[in-house]
>>> print(open('final-v6.tsv').read())   # TSV, C-alpha atoms
chain	number	residue	atom	x	y	z
A	1	MET	CA	4.95	-28.90	1.26
A	2	GLU	CA	5.93	-29.76	4.82
A	3	MET	CA	6.53	-26.16	5.97
A	4	LEU	CA	2.99	-25.17	5.02
A	5	LYS	CA	1.43	-28.24	6.65
A	6	GLN	CA	3.39	-27.55	9.83
A	7	ARG	CA	2.18	-23.94	9.96
A	8	ILE	CA	-1.40	-25.04	9.30
A	9	ARG	CA	-1.14	-27.46	12.22
A	10	GLU	CA	0.16	-24.63	14.42
A	11	ILE	CA	-2.23	-21.80	13.52
A	12	GLY	CA	-5.22	-23.33	11.72
A	13	VAL	CA	-8.55	-22.76	13.45
A	14	VAL	CA	-11.09	-25.37	12.42
A	15	LEU	CA	-14.46	-23.60	12.51
A	16	SER	CA	-16.56	-26.53	11.29
A	17	ASN	CA	-16.09	-29.82	9.46
A	18	ASP	CA	-15.45	-27.92	6.24
A	19	VAL	CA	-14.15	-24.46	7.19
A	20	ILE	CA	-10.64	-23.71	8.44
A	21	LYS	CA	-9.35	-20.24	9.27
A	22	LEU	CA	-5.75	-19.55	8.27
A	23	ASP	CA	-5.84	-15.83	9.08
A	24	ALA	CA	-2.47	-15.94	10.84
A	25	ILE	CA	-0.48	-16.91	7.73
A	26	MET	CA	-2.56	-16.27	4.58
A	27	ASN	CA	-5.99	-14.69	4.87
A	28	HIS	CA	-5.37	-11.63	7.03
A	29	ALA	CA	-1.81	-11.73	8.31
A	30	VAL	CA	0.79	-12.98	5.83
A	31	ASP	CA	3.99	-14.81	6.74
A	32	PRO	CA	6.58	-13.51	4.24
A	33	VAL	CA	9.01	-16.42	4.63
A	34	LEU	CA	6.36	-19.11	4.17
A	35	THR	CA	4.73	-17.20	1.31
A	36	THR	CA	8.06	-16.74	-0.49
A	37	GLU	CA	8.67	-20.48	-0.16
A	38	MET	CA	5.22	-21.22	-1.59
A	39	GLY	CA	6.00	-18.94	-4.53
A	40	LYS	CA	9.30	-20.78	-5.08
A	41	GLU	CA	7.55	-24.12	-4.97
A	42	PHE	CA	5.00	-23.11	-7.62
A	43	ALA	CA	7.79	-21.67	-9.75
A	44	ARG	CA	9.64	-25.00	-9.46
A	45	LEU	CA	6.58	-27.13	-10.22
A	46	PHE	CA	5.73	-25.13	-13.36
A	47	ALA	CA	9.32	-24.28	-14.37
A	48	GLU	CA	9.09	-26.14	-17.71
A	49	GLU	CA	5.86	-24.45	-18.73
A	50	ASN	CA	7.19	-21.12	-20.05
A	51	VAL	CA	4.66	-19.23	-17.98
A	52	THR	CA	4.16	-15.67	-19.25
A	53	LYS	CA	1.66	-14.46	-16.68
A	54	ILE	CA	0.24	-15.43	-13.30
A	55	LEU	CA	-3.44	-14.91	-12.62
A	56	THR	CA	-5.02	-14.84	-9.18
A	57	ILE	CA	-8.03	-13.24	-7.51
A	58	GLU	CA	-8.16	-10.65	-4.77
A	59	SER	CA	-7.25	-10.72	-1.96
A	60	SER	CA	-5.63	-13.70	-0.25
A	61	GLY	CA	-4.19	-15.17	-3.45
A	62	ILE	CA	-2.20	-12.03	-4.17
A	63	PRO	CA	0.88	-12.52	-1.93
A	64	ILE	CA	1.37	-16.13	-3.06
A	65	ALA	CA	0.87	-15.30	-6.73
A	66	PHE	CA	3.19	-12.33	-6.39
A	67	ALA	CA	5.91	-14.46	-4.76
A	68	ALA	CA	5.73	-16.88	-7.70
A	69	ALA	CA	5.75	-13.96	-10.17
A	70	GLN	CA	8.95	-12.67	-8.59
A	71	ILE	CA	10.73	-15.97	-9.19
A	72	LEU	CA	9.34	-16.56	-12.69
A	73	ASN	CA	9.84	-12.85	-13.50
A	74	VAL	CA	6.46	-12.48	-15.16
A	75	PRO	CA	3.57	-10.08	-14.47
A	76	MET	CA	0.91	-11.06	-11.97
A	77	VAL	CA	-2.71	-10.08	-12.62
A	78	PHE	CA	-5.32	-10.16	-9.89
A	79	ALA	CA	-8.94	-10.55	-10.91
A	80	ARG	CA	-11.31	-8.11	-9.28
A	81	ARG	CA	-14.29	-9.31	-7.33
A	82	LYS	CA	-17.43	-7.32	-6.88
A	83	LYS	CA	-21.06	-7.70	-6.08
A	84	PRO	CA	-23.28	-8.37	-9.11
A	85	LEU	CA	-23.76	-5.12	-10.99
A	86	SER	CA	-21.30	-5.10	-13.79
A	87	SER	CA	-21.41	-7.24	-16.88
A	88	ASP	CA	-19.23	-7.95	-19.82
A	89	SER	CA	-18.08	-4.96	-21.74
A	90	ALA	CA	-15.71	-4.19	-24.53
A	91	GLU	CA	-12.92	-3.90	-21.97
A	92	ILE	CA	-13.71	-6.58	-19.41
A	93	TYR	CA	-14.20	-10.34	-19.12
A	94	SER	CA	-16.70	-11.02	-16.36
A	95	GLU	CA	-17.96	-14.26	-14.84
A	96	ARG	CA	-20.51	-14.74	-12.07
A	97	VAL	CA	-19.46	-17.18	-9.36
A	98	PRO	CA	-20.81	-18.25	-5.98
A	99	SER	CA	-18.36	-18.04	-3.08
A	100	PHE	CA	-18.20	-20.95	-0.65
A	101	THR	CA	-16.66	-19.00	2.21
A	102	LYS	CA	-18.44	-15.69	1.61
A	103	GLY	CA	-21.84	-17.23	1.02
A	104	PHE	CA	-22.92	-14.92	-1.79
A	105	VAL	CA	-22.52	-14.51	-5.53
A	106	THR	CA	-19.86	-12.20	-6.93
A	107	ASP	CA	-18.75	-11.14	-10.33
A	108	ILE	CA	-15.09	-11.67	-11.04
A	109	MET	CA	-13.47	-9.54	-13.67
A	110	VAL	CA	-10.27	-9.27	-15.66
A	111	ALA	CA	-9.55	-6.46	-18.10
A	112	ARG	CA	-9.16	-7.87	-21.60
A	113	GLU	CA	-5.92	-5.95	-22.13
A	114	PHE	CA	-4.14	-8.08	-19.53
A	115	LEU	CA	-4.86	-11.49	-21.09
A	116	ALA	CA	-3.48	-12.09	-24.58
A	117	ALA	CA	-4.02	-15.13	-26.80
A	118	GLU	CA	-0.25	-15.73	-26.74
A	119	ASP	CA	-0.14	-15.87	-22.93
A	120	ARG	CA	0.68	-19.04	-21.01
A	121	ILE	CA	-1.15	-18.57	-17.74
A	122	LEU	CA	-0.49	-20.10	-14.35
A	123	LEU	CA	-3.54	-19.70	-12.11
A	124	ILE	CA	-2.73	-19.43	-8.39
A	125	ASP	CA	-5.05	-19.21	-5.41
A	126	ASP	CA	-4.88	-19.68	-1.67
A	127	PHE	CA	-7.71	-22.19	-1.21
A	128	ILE	CA	-9.76	-24.53	-3.28
A	129	ALA	CA	-13.04	-25.81	-1.86
A	130	ASN	CA	-15.83	-26.22	-4.40
A	131	GLY	CA	-13.69	-24.56	-7.05
A	132	ASP	CA	-16.22	-21.99	-8.21
A	133	ALA	CA	-13.76	-19.08	-8.27
A	134	ALA	CA	-11.14	-21.20	-10.06
A	135	ARG	CA	-13.66	-22.37	-12.66
A	136	GLY	CA	-14.75	-18.77	-13.24
A	137	LEU	CA	-11.13	-17.73	-13.78
A	138	ILE	CA	-10.58	-20.71	-16.10
A	139	ARG	CA	-13.60	-19.64	-18.18
A	140	ILE	CA	-12.11	-16.16	-18.44
A	141	ILE	CA	-8.74	-17.57	-19.55
A	142	ARG	CA	-10.46	-19.75	-22.17
A	143	ARG	CA	-12.40	-16.80	-23.53
A	144	SER	CA	-9.20	-14.75	-23.86
A	145	GLY	CA	-7.66	-17.47	-26.02
A	146	ALA	CA	-4.69	-17.75	-23.64
A	147	HIS	CA	-3.29	-21.17	-22.69
A	148	LEU	CA	-3.75	-22.33	-19.11
A	149	VAL	CA	-0.63	-24.27	-18.08
A	150	GLY	CA	-2.07	-25.28	-14.73
A	151	VAL	CA	-3.46	-24.33	-11.38
A	152	GLY	CA	-1.43	-23.87	-8.20
A	153	ILE	CA	-3.33	-23.99	-4.92
A	154	ALA	CA	-1.88	-23.46	-1.46
A	155	VAL	CA	-4.51	-25.45	0.44
A	156	GLU	CA	-6.87	-27.94	-1.15
A	157	LYS	CA	-9.72	-29.44	0.80
A	158	THR	CA	-9.94	-32.75	-1.03
A	159	PHE	CA	-13.25	-33.64	0.63
A	160	GLN	CA	-14.81	-30.86	-1.43
A	161	ALA	CA	-15.03	-31.35	-5.18
A	162	GLY	CA	-13.16	-28.33	-6.60
A	163	GLY	CA	-9.71	-29.76	-7.23
A	164	ARG	CA	-11.03	-33.10	-8.47
A	165	THR	CA	-13.54	-31.66	-10.93
A	166	ILE	CA	-10.90	-29.38	-12.45
A	167	ARG	CA	-8.40	-32.27	-12.75
A	168	GLU	CA	-11.11	-34.32	-14.46
A	169	THR	CA	-11.21	-31.75	-17.27
A	170	GLY	CA	-7.53	-32.50	-17.95
A	171	ILE	CA	-6.08	-29.47	-16.22
A	172	ARG	CA	-3.01	-29.93	-14.03
A	173	VAL	CA	-3.73	-28.88	-10.44
A	174	GLU	CA	-0.90	-28.74	-7.90
A	175	SER	CA	-1.80	-28.23	-4.25
A	176	LEU	CA	0.88	-27.61	-1.62
A	177	ALA	CA	-1.21	-28.99	1.23
A	178	LYS	CA	-4.16	-31.33	0.85
A	179	ILE	CA	-6.56	-31.60	3.74
A	180	VAL	CA	-8.58	-34.79	3.56
A	181	SER	CA	-10.60	-34.27	6.73
A	182	MET	CA	-11.15	-31.79	9.55
A	183	GLU	CA	-13.81	-33.74	11.43
A	184	SER	CA	-13.98	-33.12	15.16
A	185	GLY	CA	-11.44	-30.32	14.68
A	186	THR	CA	-8.58	-32.65	13.73
A	187	ILE	CA	-6.75	-31.66	10.56
A	188	ILE	CA	-5.70	-34.69	8.52
A	189	PHE	CA	-3.45	-34.21	5.51
A	190	GLU	CA	-3.29	-36.57	2.55
B	4	MET	CA	11.84	6.96	-7.10
B	5	GLU	CA	12.78	7.40	-10.74
B	6	MET	CA	11.84	3.89	-11.87
B	7	LEU	CA	8.28	4.32	-10.61
B	8	LYS	CA	7.88	7.78	-12.17
B	9	GLN	CA	9.15	6.44	-15.48
B	10	ARG	CA	6.63	3.58	-15.45
B	11	ILE	CA	3.82	5.97	-14.50
B	12	ARG	CA	4.74	8.16	-17.49
B	13	GLU	CA	4.66	5.07	-19.73
B	14	ILE	CA	1.45	3.40	-18.59
B	15	GLY	CA	-0.56	5.94	-16.56
B	16	VAL	CA	-3.99	6.71	-17.97
B	17	VAL	CA	-5.23	10.08	-16.79
B	18	LEU	CA	-9.01	9.77	-16.57
B	19	SER	CA	-9.69	13.25	-15.21
B	20	ASN	CA	-7.83	16.06	-13.47
B	21	ASP	CA	-7.72	14.03	-10.29
B	22	VAL	CA	-7.93	10.35	-11.31
B	23	ILE	CA	-5.11	8.32	-12.83
B	24	LYS	CA	-5.34	4.64	-13.70
B	25	LEU	CA	-2.22	2.58	-13.00
B	26	ASP	CA	-3.80	-0.79	-13.75
B	27	ALA	CA	-0.81	-1.98	-15.78
B	28	ILE	CA	1.65	-1.90	-12.86
B	29	MET	CA	-0.24	-1.73	-9.55
B	30	ASN	CA	-4.03	-1.86	-9.50
B	31	HIS	CA	-4.83	-4.88	-11.66
B	32	ALA	CA	-1.62	-6.16	-13.25
B	33	VAL	CA	1.44	-6.05	-11.02
B	34	ASP	CA	5.02	-5.60	-12.21
B	35	PRO	CA	7.11	-7.83	-9.93
B	36	VAL	CA	10.43	-6.07	-10.57
B	37	LEU	CA	9.07	-2.59	-9.94
B	38	THR	CA	7.09	-3.78	-6.91
B	39	THR	CA	10.11	-5.52	-5.40
B	40	GLU	CA	12.10	-2.30	-5.84
B	41	MET	CA	9.34	-0.30	-4.14
B	42	GLY	CA	9.42	-2.76	-1.24
B	43	LYS	CA	13.20	-2.36	-0.99
B	44	GLU	CA	12.89	1.42	-1.00
B	45	PHE	CA	10.37	1.41	1.85
B	46	ALA	CA	12.57	-1.04	3.77
B	47	ARG	CA	15.53	1.32	3.27
B	48	LEU	CA	13.58	4.46	4.25
B	49	PHE	CA	12.32	2.90	7.48
B	50	ALA	CA	15.36	0.70	8.20
B	51	GLU	CA	16.14	2.44	11.51
B	52	GLU	CA	12.63	2.13	12.85
B	53	ASN	CA	12.65	-1.48	14.10
B	54	VAL	CA	9.42	-2.20	12.28
B	55	THR	CA	7.71	-5.31	13.65
B	56	LYS	CA	4.71	-5.41	11.31
B	57	ILE	CA	3.51	-3.91	8.05
B	58	LEU	CA	-0.13	-2.94	7.71
B	59	THR	CA	-1.90	-2.33	4.40
B	60	ILE	CA	-5.42	-2.62	3.03
B	61	GLU	CA	-6.77	-4.90	0.34
B	62	SER	CA	-6.15	-5.16	-2.53
B	63	SER	CA	-3.64	-3.00	-4.41
B	64	GLY	CA	-1.49	-2.25	-1.39
B	65	ILE	CA	-0.82	-5.93	-0.78
B	66	PRO	CA	2.00	-6.64	-3.27
B	67	ILE	CA	3.95	-3.52	-2.25
B	68	ALA	CA	3.48	-4.16	1.45
B	69	PHE	CA	4.43	-7.80	0.96
B	70	ALA	CA	7.61	-6.86	-0.93
B	71	ALA	CA	8.63	-4.60	1.98
B	72	ALA	CA	7.73	-7.35	4.48
B	73	GLN	CA	10.03	-9.77	2.65
B	74	ILE	CA	12.99	-7.41	3.06
B	75	LEU	CA	12.25	-6.40	6.65
B	76	ASN	CA	11.32	-10.02	7.47
B	77	VAL	CA	8.22	-9.08	9.42
B	78	PRO	CA	4.57	-10.15	9.03
B	79	MET	CA	2.30	-8.17	6.75
B	80	VAL	CA	-1.33	-7.67	7.72
B	81	PHE	CA	-3.93	-6.55	5.22
B	82	ALA	CA	-7.01	-4.81	6.53
B	83	ARG	CA	-10.27	-6.11	5.14
B	84	ARG	CA	-12.71	-3.80	3.44
B	85	LYS	CA	-16.41	-4.41	3.32
B	86	LYS	CA	-19.67	-2.61	2.82
B	87	PRO	CA	-21.18	-1.16	6.01
B	88	LEU	CA	-22.74	-4.00	7.99
B	89	SER	CA	-20.23	-5.05	10.56
B	90	SER	CA	-19.25	-3.14	13.61
B	91	ASP	CA	-16.70	-3.37	16.35
B	92	SER	CA	-16.66	-6.60	18.19
B	93	ALA	CA	-14.55	-8.27	20.79
B	94	GLU	CA	-12.33	-9.58	17.99
B	95	ILE	CA	-12.21	-6.76	15.46
B	96	TYR	CA	-11.22	-3.11	15.16
B	97	SER	CA	-13.49	-1.47	12.61
B	98	GLU	CA	-13.53	2.05	11.16
B	99	ARG	CA	-15.91	3.52	8.61
B	100	VAL	CA	-14.24	5.41	5.76
B	101	PRO	CA	-15.35	6.97	2.48
B	102	SER	CA	-13.43	5.87	-0.60
B	103	PHE	CA	-12.36	8.53	-3.08
B	104	THR	CA	-11.95	6.19	-6.04
B	105	LYS	CA	-14.80	3.83	-5.21
B	106	GLY	CA	-17.31	6.54	-4.39
B	107	PHE	CA	-18.92	4.78	-1.44
B	108	VAL	CA	-18.42	4.19	2.25
B	109	THR	CA	-16.75	1.02	3.47
B	110	ASP	CA	-15.85	-0.45	6.78
B	111	ILE	CA	-12.22	-1.39	7.18
B	112	MET	CA	-11.34	-4.04	9.68
B	113	VAL	CA	-8.33	-5.55	11.40
B	114	ALA	CA	-8.55	-8.46	13.80
B	115	ARG	CA	-7.35	-7.39	17.23
B	116	GLU	CA	-5.08	-10.41	17.55
B	117	PHE	CA	-2.83	-9.09	14.75
B	118	LEU	CA	-2.04	-5.69	16.31
B	119	ALA	CA	-0.26	-5.73	19.65
B	120	ALA	CA	0.60	-2.77	21.86
B	121	GLU	CA	4.30	-3.66	21.48
B	122	ASP	CA	4.14	-3.52	17.68
B	123	ARG	CA	5.98	-0.88	15.63
B	124	ILE	CA	3.82	-0.55	12.53
B	125	LEU	CA	4.74	0.66	9.07
B	126	LEU	CA	1.60	1.52	7.11
B	127	ILE	CA	1.92	1.02	3.34
B	128	ASP	CA	-0.55	1.76	0.58
B	129	ASP	CA	-0.53	2.21	-3.18
B	130	PHE	CA	-2.19	5.62	-3.45
B	131	ILE	CA	-2.99	8.54	-1.23
B	132	ALA	CA	-5.62	11.01	-2.39
B	133	ASN	CA	-7.83	12.41	0.36
B	134	GLY	CA	-6.28	10.02	2.84
B	135	ASP	CA	-9.49	8.60	4.26
B	136	ALA	CA	-8.36	4.97	4.18
B	137	ALA	CA	-4.98	5.87	5.69
B	138	ARG	CA	-6.61	7.88	8.47
B	139	GLY	CA	-8.96	4.98	9.20
B	140	LEU	CA	-6.01	2.62	9.46
B	141	ILE	CA	-4.15	5.10	11.67
B	142	ARG	CA	-7.15	5.26	14.02
B	143	ILE	CA	-7.11	1.46	14.22
B	144	ILE	CA	-3.38	1.43	15.01
B	145	ARG	CA	-3.90	4.08	17.73
B	146	ARG	CA	-6.71	2.08	19.27
B	147	SER	CA	-4.54	-1.05	19.39
B	148	GLY	CA	-1.88	0.82	21.35
B	149	ALA	CA	0.75	-0.03	18.73
B	150	HIS	CA	3.29	2.57	17.61
B	151	LEU	CA	3.01	3.88	14.05
B	152	VAL	CA	6.54	4.49	12.75
B	153	GLY	CA	5.34	6.05	9.52
B	154	VAL	CA	3.41	5.77	6.31
B	155	GLY	CA	4.83	4.61	2.98
B	156	ILE	CA	2.85	5.51	-0.13
B	157	ALA	CA	3.68	4.53	-3.70
B	158	VAL	CA	1.88	7.40	-5.41
B	159	GLU	CA	0.82	10.59	-3.66
B	160	LYS	CA	-1.41	13.10	-5.39
B	161	THR	CA	-0.16	16.23	-3.61
B	162	PHE	CA	-2.99	18.36	-4.98
B	163	GLN	CA	-5.33	16.35	-2.75
B	164	ALA	CA	-5.03	16.83	0.99
B	165	GLY	CA	-4.37	13.29	2.28
B	166	GLY	CA	-0.58	13.28	2.61
B	167	ARG	CA	-0.40	16.85	3.90
B	168	THR	CA	-3.07	16.43	6.58
B	169	ILE	CA	-1.39	13.29	7.91
B	170	ARG	CA	2.05	14.96	7.96
B	171	GLU	CA	0.50	17.88	9.87
B	172	THR	CA	-0.34	15.49	12.70
B	173	GLY	CA	3.38	14.76	13.05
B	174	ILE	CA	3.39	11.42	11.26
B	175	ARG	CA	6.20	10.69	8.81
B	176	VAL	CA	4.83	10.07	5.30
B	177	GLU	CA	7.18	8.90	2.54
B	178	SER	CA	5.84	8.84	-1.02
B	179	LEU	CA	7.84	7.27	-3.84
B	180	ALA	CA	6.21	9.40	-6.54
B	181	LYS	CA	4.44	12.70	-5.94
B	182	ILE	CA	2.09	13.92	-8.62
B	183	VAL	CA	1.49	17.65	-8.32
B	184	SER	CA	-0.83	17.99	-11.31
B	185	MET	CA	-2.54	15.98	-14.04
B	186	GLU	CA	-4.39	18.84	-15.70
B	187	SER	CA	-5.11	18.38	-19.39
B	188	GLY	CA	-3.81	14.83	-19.08
B	189	THR	CA	-0.20	15.86	-18.43
B	190	ILE	CA	1.36	14.17	-15.40
B	191	ILE	CA	3.67	16.53	-13.52
B	192	PHE	CA	5.80	15.14	-10.69
B	193	GLU	CA	7.13	17.21	-7.80
>>> encode(input="final-v6.tsv", output="structure tokens")
Amino acid sequence: MEMLKQRIREIGVVLSNDVIKLDAIMNHAVDPVLTTEMGKEFARLFAEENVTKILTIESSGIPIAFAAAQILNVPMVFARRKKPLSSDSAEIYSERVPSFTKGFVTDIMVAREFLAAEDRILLIDDFIANGDAARGLIRIIRRSGAHLVGVGIAVEKTFQAGGRTIRETGIRVESLAKIVSMESGTIIFE
Amino acid sequence: MEMLKQRIREIGVVLSNDVIKLDAIMNHAVDPVLTTEMGKEFARLFAEENVTKILTIESSGIPIAFAAAQILNVPMVFARRKKPLSSDSAEIYSERVPSFTKGFVTDIMVAREFLAAEDRILLIDDFIANGDAARGLIRIIRRSGAHLVGVGIAVEKTFQAGGRTIRETGIRVESLAKIVSMESGTIIFE
């Protein structure tokens, strides 16, 4: 998606060879025009899939997932993230995942009532690096019996294994911008 | 806003005399039609105010604030919340606030670069109870030198002091649904 790549070139702050800060458009401030276009693009890519629900995880995935939910006219559910404490219960699916950017382990949780076996879920998130959060969400979807139609990612860092390992399990992953390298601070898209 | 009150009557789970769970429309699952309408209503209420930026706090305020940002065509900024650790720095405004629903103290943070003295800020959040988060955000806005045009709240619990105490400081607070009582599990709107 050219508009997203252009904005990343303009505002992206490369902090190291594998960390880029997109606070000005996605992770702290949110550009409503760009985000609405990203939502439209995901809705277009998965238009044939009869999506019944969009799943994301707090917080940066929420605006993008919501923009897609507006177009597809389906509910959006955001998984909750908290420090290890909780565990599975009668009401909650919980999975423990490490976070690449945060550097610690969190539990991610979705209330069972919001994932039904009949659901066709589109998973949306802002970034994919190692893919731990996405894999945790995919495990939750599997356990609910719902069907995962695919994964929509705003920014994939293809030099980290997340997107690839999920594709290798047969799941469709669509990324709007793929960064192949950020070495020496230069962002190179696929 | 009648549509919101109707949905609260349908899905609200009163957990105690002062806690209501709206997970099915706002705090875990998000209804895109209702949320878009809430965004439109805030945009209408503050249409004359030349809003340049919308500020909210992760996570449940994000979809509503984003929906308003789409209509007003201005950036949305979501404050970050984390456990006490951080403090003010050259880059960040930070305020320590207790959380009524979470039961612990958190630091809320906004990067200085996203609040300018010329900004006209509309503050949006999902709930107001004791108003601690809102007051923390208001302190951050004051410190940035930006002008706060008002506060938009989806659900105000008027039997808790948050909305009233902020109005008493001369700030305009608009709430789309005002709950005056939930005693014995019966939701009564103003």
>>> closest_residue(input="final-v6.tsv", among="A:Leu22, A:Ile11, A:Met76, A:Met1", to="chain B", atoms="all atoms listed in the file")
A:Met76
>>> atom_distance(input="final-v6.tsv", atom1="atom CA of Arg135 of chain A", atom2="atom CA of Ala79 of chain A")
12.8 Å
>>> closest_residue(input="final-v6.tsv", among="B:Ala68, B:Ala136, B:Ala149, B:Ala120", to="chain A", atoms="all atoms listed in the file")
B:Ala68
>>> closest_residue(input="final-v6.tsv", among="A:Asp125, A:Arg81, A:Ala154, A:Val51", to="Glu95 of chain A", atoms="all atoms listed in the file")
A:Arg81
>>> closest_residue(input="final-v6.tsv", among="B:Arg175, B:Arg145, B:Lys56, B:Lys24", to="chain A", atoms="all atoms listed in the file")
B:Lys56
>>> interface_residues(input="final-v6.tsv", of="chain A", to="chain B", cutoff="12 Å", atoms="only C-alpha atoms", output="ChimeraX atom specification")
/A:23-37,53-83,92,102,109-115
>>> atom_distance(input="final-v6.tsv", atom1="atom CA of Met38 of chain A", atom2="atom CA of Arg164 of chain A")
21.3 Å
>>> atom_distance(input="final-v6.tsv", atom1="atom CA of Val180 of chain A", atom2="atom CA of Leu4 of chain A")
15.1 Å
>>> residues_near_point(input="final-v6.tsv", point="(2.5, -31.3, 10.4)", cutoff="12 Å", atoms="only C-alpha atoms", output="PyMOL selection string")
chain A and resi 1-12+177-179+186-190
>>> residues_around(input="final-v6.tsv", residues="Thr55 of chain B", least_positions_apart="6", cutoff="7 Å", atoms="all atoms listed in the file", output="number ranges by chain")
B: 77, 122-124
>>> closest_residue(input="final-v6.tsv", among="B:Lys43, B:Arg99, B:His150, B:Lys160", to="Ile174 of chain B", atoms="only C-alpha atoms")
B:His150
>>> residues_near_point(input="final-v6.tsv", point="(-10.7, 9.4, -10.3)", cutoff="12 Å", atoms="all atoms listed in the file", output="JSON list (two decimals) with C-alpha atoms, in the coordinates of the input")
[["chain", "number", "residue", "atom", "x", "y", "z"],
["B", 16, "VAL", "CA", -3.99, 6.71, -17.97],
["B", 17, "VAL", "CA", -5.23, 10.08, -16.79],
["B", 18, "LEU", "CA", -9.01, 9.77, -16.57],
["B", 19, "SER", "CA", -9.69, 13.25, -15.21],
["B", 20, "ASN", "CA", -7.83, 16.06, -13.47],
["B", 21, "ASP", "CA", -7.72, 14.03, -10.29],
["B", 22, "VAL", "CA", -7.93, 10.35, -11.31],
["B", 23, "ILE", "CA", -5.11, 8.32, -12.83],
["B", 24, "LYS", "CA", -5.34, 4.64, -13.70],
["B", 25, "LEU", "CA", -2.22, 2.58, -13.00],
["B", 102, "SER", "CA", -13.43, 5.87, -0.60],
["B", 103, "PHE", "CA", -12.36, 8.53, -3.08],
["B", 104, "THR", "CA", -11.95, 6.19, -6.04],
["B", 105, "LYS", "CA", -14.80, 3.83, -5.21],
["B", 106, "GLY", "CA", -17.31, 6.54, -4.39],
["B", 130, "PHE", "CA", -2.19, 5.62, -3.45],
["B", 131, "ILE", "CA", -2.99, 8.54, -1.23],
["B", 132, "ALA", "CA", -5.62, 11.01, -2.39],
["B", 133, "ASN", "CA", -7.83, 12.41, 0.36],
["B", 160, "LYS", "CA", -1.41, 13.10, -5.39],
["B", 163, "GLN", "CA", -5.33, 16.35, -2.75],
["B", 185, "MET", "CA", -2.54, 15.98, -14.04]]
>>> closest_residue(input="final-v6.tsv", among="A:Ser175, A:Ser89, A:Thr165, A:Ser184", to="Glu41 of chain A", atoms="only C-alpha atoms")
A:Ser175
>>> decode(input="final-v6.tsv", residues="segment 173-183 of chain B", atoms="N, CA, C and O atoms", output="PDB file, in the first residue's frame")
ATOM      1  N   GLY B 173     -15.106  24.727  35.192  1.00  0.00           N
ATOM      2  CA  GLY B 173     -15.420  25.545  34.021  1.00  0.00           C
ATOM      3  C   GLY B 173     -15.236  24.840  32.698  1.00  0.00           C
ATOM      4  O   GLY B 173     -15.407  25.439  31.636  1.00  0.00           O
ATOM      5  N   ILE B 174     -14.896  23.564  32.737  1.00  0.00           N
ATOM      6  CA  ILE B 174     -14.676  22.807  31.502  1.00  0.00           C
ATOM      7  C   ILE B 174     -16.005  22.217  31.028  1.00  0.00           C
ATOM      8  O   ILE B 174     -16.785  21.698  31.825  1.00  0.00           O
ATOM      9  N   ARG B 175     -16.246  22.304  29.730  1.00  0.00           N
ATOM     10  CA  ARG B 175     -17.457  21.720  29.149  1.00  0.00           C
ATOM     11  C   ARG B 175     -17.306  20.202  29.085  1.00  0.00           C
ATOM     12  O   ARG B 175     -16.347  19.690  28.523  1.00  0.00           O
ATOM     13  N   VAL B 176     -18.258  19.485  29.663  1.00  0.00           N
ATOM     14  CA  VAL B 176     -18.258  18.015  29.615  1.00  0.00           C
ATOM     15  C   VAL B 176     -19.577  17.572  28.995  1.00  0.00           C
ATOM     16  O   VAL B 176     -20.650  17.927  29.480  1.00  0.00           O
ATOM     17  N   GLU B 177     -19.489  16.821  27.903  1.00  0.00           N
ATOM     18  CA  GLU B 177     -20.696  16.302  27.230  1.00  0.00           C
ATOM     19  C   GLU B 177     -20.696  14.785  27.355  1.00  0.00           C
ATOM     20  O   GLU B 177     -19.758  14.121  26.898  1.00  0.00           O
ATOM     21  N   SER B 178     -21.726  14.234  27.947  1.00  0.00           N
ATOM     22  CA  SER B 178     -21.842  12.788  28.096  1.00  0.00           C
ATOM     23  C   SER B 178     -23.031  12.291  27.283  1.00  0.00           C
ATOM     24  O   SER B 178     -24.110  12.864  27.339  1.00  0.00           O
ATOM     25  N   LEU B 179     -22.822  11.205  26.534  1.00  0.00           N
ATOM     26  CA  LEU B 179     -23.875  10.719  25.639  1.00  0.00           C
ATOM     27  C   LEU B 179     -24.938   9.917  26.380  1.00  0.00           C
ATOM     28  O   LEU B 179     -26.070   9.823  25.941  1.00  0.00           O
ATOM     29  N   ALA B 180     -24.552   9.319  27.499  1.00  0.00           N
ATOM     30  CA  ALA B 180     -25.523   8.619  28.351  1.00  0.00           C
ATOM     31  C   ALA B 180     -25.129   8.878  29.794  1.00  0.00           C
ATOM     32  O   ALA B 180     -23.971   8.698  30.159  1.00  0.00           O
ATOM     33  N   LYS B 181     -26.091   9.335  30.586  1.00  0.00           N
ATOM     34  CA  LYS B 181     -25.811   9.605  32.001  1.00  0.00           C
ATOM     35  C   LYS B 181     -26.603   8.636  32.844  1.00  0.00           C
ATOM     36  O   LYS B 181     -27.836   8.634  32.824  1.00  0.00           O
ATOM     37  N   ILE B 182     -25.865   7.830  33.591  1.00  0.00           N
ATOM     38  CA  ILE B 182     -26.509   6.869  34.484  1.00  0.00           C
ATOM     39  C   ILE B 182     -26.575   7.493  35.867  1.00  0.00           C
ATOM     40  O   ILE B 182     -25.548   7.852  36.441  1.00  0.00           O
ATOM     41  N   VAL B 183     -27.797   7.640  36.387  1.00  0.00           N
ATOM     42  CA  VAL B 183     -27.937   8.265  37.710  1.00  0.00           C
ATOM     43  C   VAL B 183     -27.965   7.224  38.830  1.00  0.00           C
ATOM     44  O   VAL B 183     -27.655   7.534  39.980  1.00  0.00           O
TER      45      VAL B 183
END
